[in-house]
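A.B. asks: Enclosed is the structure file upload.cif (mmCIF, C-alpha atoms).
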```
data_structure
loop_
_atom_site.label_atom_id
_atom_site.label_comp_id
_atom_site.auth_asym_id
_atom_site.auth_seq_id
_atom_site.Cartn_x
_atom_site.Cartn_y
_atom_site.Cartn_z
CA MET A 205 3.07 22.13 9.03
CA ALA A 206 5.07 19.29 7.49
CA ASP A 207 4.96 17.45 10.81
CA LEU A 208 1.16 17.56 10.87
CA VAL A 209 0.97 16.34 7.28
CA PHE A 210 3.41 13.54 8.12
CA LEU A 211 1.32 12.47 11.11
CA ALA A 212 -1.86 12.56 9.02
CA MET A 213 -0.27 10.43 6.30
CA MET A 214 1.10 8.03 8.91
CA VAL A 215 -2.39 7.63 10.39
CA LEU A 216 -3.85 7.14 6.90
CA THR A 217 -1.23 4.54 5.98
CA VAL A 218 -1.46 2.53 9.20
CA GLY A 219 -5.23 2.89 9.46
CA SER A 220 -5.78 1.72 5.90
CA ALA A 221 -3.42 -1.20 6.46
CA ILE A 222 -5.46 -2.22 9.51
CA VAL A 223 -8.64 -1.96 7.42
CA ALA A 224 -7.03 -4.11 4.71
CA LEU A 225 -6.06 -6.77 7.24
CA GLU A 226 -9.27 -6.79 9.25
CA ALA A 227 -11.77 -6.52 6.40
CA ASP A 228 -14.35 -9.28 6.20
CA GLU A 229 -14.91 -8.69 2.47
CA ILE A 230 -12.15 -8.91 -0.12
CA ILE A 231 -13.36 -5.71 -1.78
CA TYR A 232 -12.95 -3.69 1.41
CA GLY A 233 -9.52 -5.23 1.93
CA ALA A 234 -8.45 -4.13 -1.56
CA ILE A 235 -9.75 -0.62 -0.94
CA GLY A 236 -7.84 -0.52 2.36
CA LEU A 237 -4.71 -1.67 0.51
CA ALA A 238 -5.13 1.13 -2.03
CA GLY A 239 -5.51 3.67 0.80
CA SER A 240 -2.40 2.38 2.51
CA LEU A 241 -0.40 2.55 -0.71
CA PHE A 242 -1.66 6.11 -1.27
CA GLY A 243 -0.39 7.04 2.21
CA VAL A 244 3.03 5.63 1.33
CA ALA A 245 3.02 7.69 -1.90
CA ALA A 246 2.20 10.81 0.11
CA LEU A 247 5.12 10.04 2.42
CA PHE A 248 7.37 9.85 -0.65
CA PHE A 249 6.13 13.31 -1.68
CA LEU A 250 7.03 14.57 1.79
CA LEU A 251 10.52 13.10 1.37
CA ASN A 252 10.87 15.23 -1.78
CA ALA A 253 10.89 12.16 -4.03
CA PRO A 254 8.15 12.92 -6.56
CA TYR A 255 9.28 10.35 -9.13
CA VAL A 256 9.01 7.49 -6.64
CA ALA A 257 5.67 8.83 -5.39
CA VAL A 258 4.19 9.01 -8.89
CA PHE A 259 5.58 5.54 -9.63
CA GLN A 260 3.92 4.29 -6.42
CA ILE A 261 0.59 5.78 -7.43
CA ALA A 262 0.76 4.62 -11.06
CA VAL A 263 1.95 1.08 -10.46
CA TYR A 264 0.68 0.01 -7.09
CA ILE A 265 -2.55 1.96 -6.79
CA GLY A 266 -3.33 2.30 -10.47
CA ALA A 267 -2.41 -1.22 -11.48
CA VAL A 268 -2.16 -3.68 -8.62
CA ALA A 269 -5.03 -2.47 -6.42
CA VAL A 270 -7.34 -1.91 -9.39
CA LEU A 271 -6.36 -5.31 -10.80
CA ILE A 272 -7.28 -6.95 -7.50
CA LEU A 273 -10.63 -5.15 -7.46
CA PHE A 274 -11.46 -6.11 -11.06
CA THR A 275 -10.37 -9.71 -10.56
CA VAL A 276 -12.52 -10.07 -7.47
CA MET A 277 -15.50 -8.47 -9.18
CA LEU A 278 -15.14 -10.64 -12.29
CA VAL A 279 -14.74 -14.01 -10.61
CA ARG A 280 -16.72 -13.38 -7.45
CA GLN A 281 -18.94 -16.21 -6.38
CA GLU A 282 -21.15 -16.68 -3.37
CA LYS A 283 -18.76 -19.21 -1.82
CA TRP A 284 -16.25 -16.36 -1.34
CA ALA A 285 -18.59 -14.65 1.10
CA LYS A 286 -17.34 -15.37 4.58
CA GLU A 287 -19.40 -15.57 7.69
CA VAL A 288 -18.36 -12.99 10.23
CA PRO A 289 -16.46 -14.82 12.95
CA PRO A 290 -17.41 -14.05 16.53
CA LYS A 291 -15.30 -11.50 18.31
CA SER A 292 -12.33 -13.36 19.69
CA ALA A 293 -9.68 -12.45 22.20
CA ALA A 294 -6.94 -12.80 19.56
CA ARG A 295 -8.61 -10.25 17.29
CA LEU A 296 -9.07 -7.82 20.17
CA ALA A 297 -5.44 -8.33 21.22
CA GLY A 298 -4.30 -7.62 17.64
CA ILE A 299 -6.29 -4.40 17.46
CA ILE A 300 -4.98 -3.25 20.85
CA THR A 301 -1.41 -4.10 19.82
CA GLY A 302 -1.79 -2.17 16.55
CA LEU A 303 -3.14 0.86 18.39
CA ALA A 304 -0.32 0.64 20.94
CA VAL A 305 2.29 0.54 18.17
CA THR A 306 0.64 3.56 16.51
CA VAL A 307 0.66 5.52 19.78
CA VAL A 308 4.30 4.63 20.48
CA LEU A 309 5.38 5.61 16.97
CA THR A 310 3.46 8.89 17.24
CA PHE A 311 5.17 9.75 20.53
CA ALA A 312 8.54 8.76 19.04
CA VAL A 313 8.04 11.11 16.10
CA LEU A 314 6.87 13.93 18.37
CA ALA A 315 9.85 13.45 20.69
CA SER A 316 12.39 13.28 17.86
CA ASN A 317 12.39 17.08 17.30
CA LEU A 318 12.33 16.83 13.52
CA SER A 319 11.92 20.60 13.17
CA GLN A 320 15.63 21.17 13.89
CA PHE A 321 16.60 19.74 10.49
CA THR A 322 16.65 22.01 7.49
CA ASN A 323 15.14 21.16 4.14
CA VAL A 324 17.57 20.59 1.30
CA ALA A 325 16.51 22.13 -1.99
CA ASN A 326 15.92 19.54 -4.69
CA SER A 327 17.59 20.71 -7.89
CA ALA A 328 16.97 17.53 -9.89
CA THR A 329 14.37 17.59 -12.63
CA PHE A 330 12.34 14.72 -14.04
CA VAL A 331 14.74 14.52 -16.99
CA ASP A 332 17.71 14.17 -14.61
CA ILE A 333 15.90 11.49 -12.62
CA GLY A 334 14.95 9.62 -15.80
CA ALA A 335 18.54 9.70 -17.04
CA LEU A 336 19.82 8.46 -13.69
CA ILE A 337 17.30 5.63 -13.49
CA SER A 338 17.73 4.50 -17.08
CA THR A 339 21.50 4.21 -16.68
CA GLY A 340 22.60 3.25 -13.17
CA ASP A 341 19.44 2.10 -11.48
CA SER A 342 17.85 0.15 -14.31
CA ALA A 343 18.11 -3.08 -12.29
CA ILE A 344 15.69 -1.60 -9.74
CA LEU A 345 13.15 -0.88 -12.47
CA LEU A 346 13.53 -4.42 -13.77
CA VAL A 347 12.84 -5.84 -10.31
CA LEU A 348 9.77 -3.61 -9.93
CA ALA A 349 8.54 -4.73 -13.35
CA LEU A 350 8.98 -8.37 -12.32
CA VAL A 351 7.01 -7.76 -9.12
CA LEU A 352 4.20 -6.21 -11.15
CA ALA A 353 4.26 -9.09 -13.63
CA ALA A 354 4.19 -11.63 -10.79
CA SER A 355 1.13 -9.93 -9.28
CA VAL A 356 -0.67 -10.05 -12.63
CA VAL A 357 0.21 -13.74 -13.09
CA GLY A 358 -0.92 -14.47 -9.52
CA ALA A 359 -4.26 -12.76 -10.10
CA LEU A 360 -4.79 -14.68 -13.33
CA THR A 361 -3.85 -17.94 -11.59
CA LEU A 362 -6.40 -17.29 -8.84
CA SER A 363 -9.14 -16.69 -11.37
CA LYS A 364 -8.12 -19.80 -13.35
CA VAL A 365 -8.24 -22.02 -10.26
CA GLU A 366 -11.82 -20.93 -9.60
CA ARG A 367 -12.86 -21.79 -13.16
CA GLU A 368 -11.21 -25.22 -13.02
CA GLU A 369 -13.06 -26.04 -9.78
CA LYS A 370 -16.31 -24.94 -11.39
CA ASN A 371 -15.80 -27.27 -14.39
CA GLN A 372 -15.21 -30.40 -12.25
#
```
Show the structure stored in the file as structure tokens.

C.D. replies:
Amino acid sequence: MADLVFLAMMVLTVGSAIVALEADEIIYGAIGLAGSLFGVAALFFLLNAPYVAVFQIAVYIGAVAVLILFTVMLVRQEKWAKEVPPKSAARLAGIITGLAVTVVLTFAVLASNLSQFTNVANSATFVDIGALISTGDSAILLVLALVLAASVVGALTLSKVEREEKNQ
């Protein structure tokens, strides 16, 4: 059962990433990004890492993806609307390559015989994880906080650039 859930989450993650990359509208790209990040969070749950999964959902889906959506909706102008480019050979080659990589990875996972490994019981609680992170791994949290702050500053900079161009 875990193998089927893993394959479903892999398809969700890769499929949403393809949607995020190939979207003609920024809104659809942000929604695809949120779906891809949700698939990564589900993979963390499958790895028996609930703290990292909840952190992924809270920070990246709850903050970054929603921030992108709100920024786009607040500063959206008609000049952001792109014309749909004609279907090109490079786009078709990219889609075929992405599908080929997905098929190869699927066959690799199916051939790896993951069912022979046993699950290790997780005896750590949220309190234990919090104590571990706040002592030894606090540098990791600082780096994640800086990444989040940089994304917020980047979004604000993008919206400021649009306003400055409008004033000139």

A.B. asks: Show me the residues around (8.0, 24.7, 9.2) - criterion: an atom at most 12 Å away, all atoms listed in the file counted - as a PyMOL selection string.

C.D. replies: chain A and resi 205-209+317-323

A.B. asks: Write the residues of the preceding selection, restricted to C-alpha atoms, as an mmCIF file, keeping the file's coordinate frame.

C.D. replies:
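Ended up saving to out-v3.cif:
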```
data_model
loop_
_atom_site.group_PDB
_atom_site.id
_atom_site.type_symbol
_atom_site.label_atom_id
_atom_site.label_comp_id
_atom_site.auth_asym_id
_atom_site.auth_seq_id
_atom_site.Cartn_x
_atom_site.Cartn_y
_atom_site.Cartn_z
ATOM 1 C CA MET A 205 3.070 22.130 9.030
ATOM 2 C CA ALA A 206 5.070 19.290 7.490
ATOM 3 C CA ASP A 207 4.960 17.450 10.810
ATOM 4 C CA LEU A 208 1.160 17.560 10.870
ATOM 5 C CA VAL A 209 0.970 16.340 7.280
ATOM 6 C CA ASN A 317 12.390 17.080 17.300
ATOM 7 C CA LEU A 318 12.330 16.830 13.520
ATOM 8 C CA SER A 319 11.920 20.600 13.170
ATOM 9 C CA GLN A 320 15.630 21.170 13.890
ATOM 10 C CA PHE A 321 16.600 19.740 10.490
ATOM 11 C CA THR A 322 16.650 22.010 7.490
ATOM 12 C CA ASN A 323 15.140 21.160 4.140
#
```

A.B. asks: Kindly indicate which residue among A:Val270, A:Val218, A:Ala224, A:Gly239 lies nearest to Gly302 (chain A), using all atoms listed in the file for the distances.

C.D. replies: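 For Gly302 (chain A), the nearest of the candidates is A:Val218.
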
A.B. asks: Would you please work out which residue, of A:Ile235, A:Thr361, A:Leu352, A:Ala328, is nearest to Ala262 (chain A) when using all atoms listed in the file?

C.D. replies: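 Checking each of A:Ile235, A:Thr361, A:Leu352, A:Ala328 against Ala262 (chain A), counting all atoms listed in the file, the winner is A:Leu352.
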
A.B. asks: Of the candidates A:Ala335, A:Ala246, A:Val268, A:Met214, which one gets nearest to Ala354 (chain A) if we count only C-alpha atoms?

C.D. replies: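 With only C-alpha atoms as the atom set, the closest residue is A:Val268.
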
A.B. asks: Rounded to one decimal place, report the CA of Leu247 (chain A)-CA of Leu225 (chain A) distance in Å.

C.D. replies: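 Going from CA of Leu247 (chain A) over to CA of Leu225 (chain A) covers 20.8 Å.
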
A.B. asks: Kindly indicate which residue among A:Asp228, A:Ile222, A:Gly243, A:Ile272 lies nearest to Ile300 (chain A), using only C-alpha atoms for the distances.

C.D. replies: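 Nearest to Ile300 (chain A): A:Ile222.
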
A.B. asks: Can you tell me how far CA of Ala234 (chain A) sits from CA of Thr301 (chain A), in Å to one decimal?

C.D. replies: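 Taking CA of Ala234 (chain A) and CA of Thr301 (chain A), their separation equals 22.5 Å.
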
A.B. asks: Which distance in Å separates CA of Val356 (chain A) and CA of Leu278 (chain A), to one decimal?

C.D. replies: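 One can read the CA of Val356 (chain A) to CA of Leu278 (chain A) distance as 14.5 Å.
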
A.B. asks: What's the 12 Å shell around Phe259 (chain A), counting all atoms listed in the file, without same-chain residues fewer than 2 positions away, as a list of chain:residue names?

C.D. replies: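 Selected residues are A:Leu241, A:Phe242, A:Val244, A:Ala245, A:Ala246, A:Phe248, A:Phe249, A:Ala253, A:Pro254, A:Tyr255, A:Val256, A:Ala257, A:Ile261, A:Ala262, A:Val263, A:Tyr264, A:Ile265, A:Gly266, A:Ala267, A:Gly334, A:Leu345, A:Leu348, A:Ala349, A:Leu352.
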
A.B. asks: Contacts of Ala221 (chain A) at 7 Å or less, counting only C-alpha atoms, minus same-chain residues fewer than 6 places along, as a list of chain:residue names?

C.D. replies: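 Non-adjacent residues within range: A:Gly236, A:Leu237, A:Ser240.
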
A.B. asks: I want to know what sits within 12 Å of Leu309 (chain A), based on all atoms listed in the file, with residues of the same chain fewer than 4 positions away left out; could you give that as a tab-separated table (two decimals) with C-alpha atoms, in the coordinates of the input?

C.D. replies:
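What follows is the written file around_2.tsv:
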```
chain	number	residue	atom	x	y	z
A	211	LEU	CA	1.32	12.47	11.11
A	214	MET	CA	1.10	8.03	8.91
A	215	VAL	CA	-2.39	7.63	10.39
A	218	VAL	CA	-1.46	2.53	9.20
A	302	GLY	CA	-1.79	-2.17	16.55
A	303	LEU	CA	-3.14	0.86	18.39
A	304	ALA	CA	-0.32	0.64	20.94
A	305	VAL	CA	2.29	0.54	18.17
A	313	VAL	CA	8.04	11.11	16.10
A	314	LEU	CA	6.87	13.93	18.37
A	315	ALA	CA	9.85	13.45	20.69
A	316	SER	CA	12.39	13.28	17.86
```

A.B. asks: Closest to Leu271 (chain A) among A:Val307, A:Met213, A:Ala353, A:Ala227, using all atoms listed in the file?

C.D. replies: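 Checking each of A:Val307, A:Met213, A:Ala353, A:Ala227 against Leu271 (chain A), counting all atoms listed in the file, the winner is A:Ala353.
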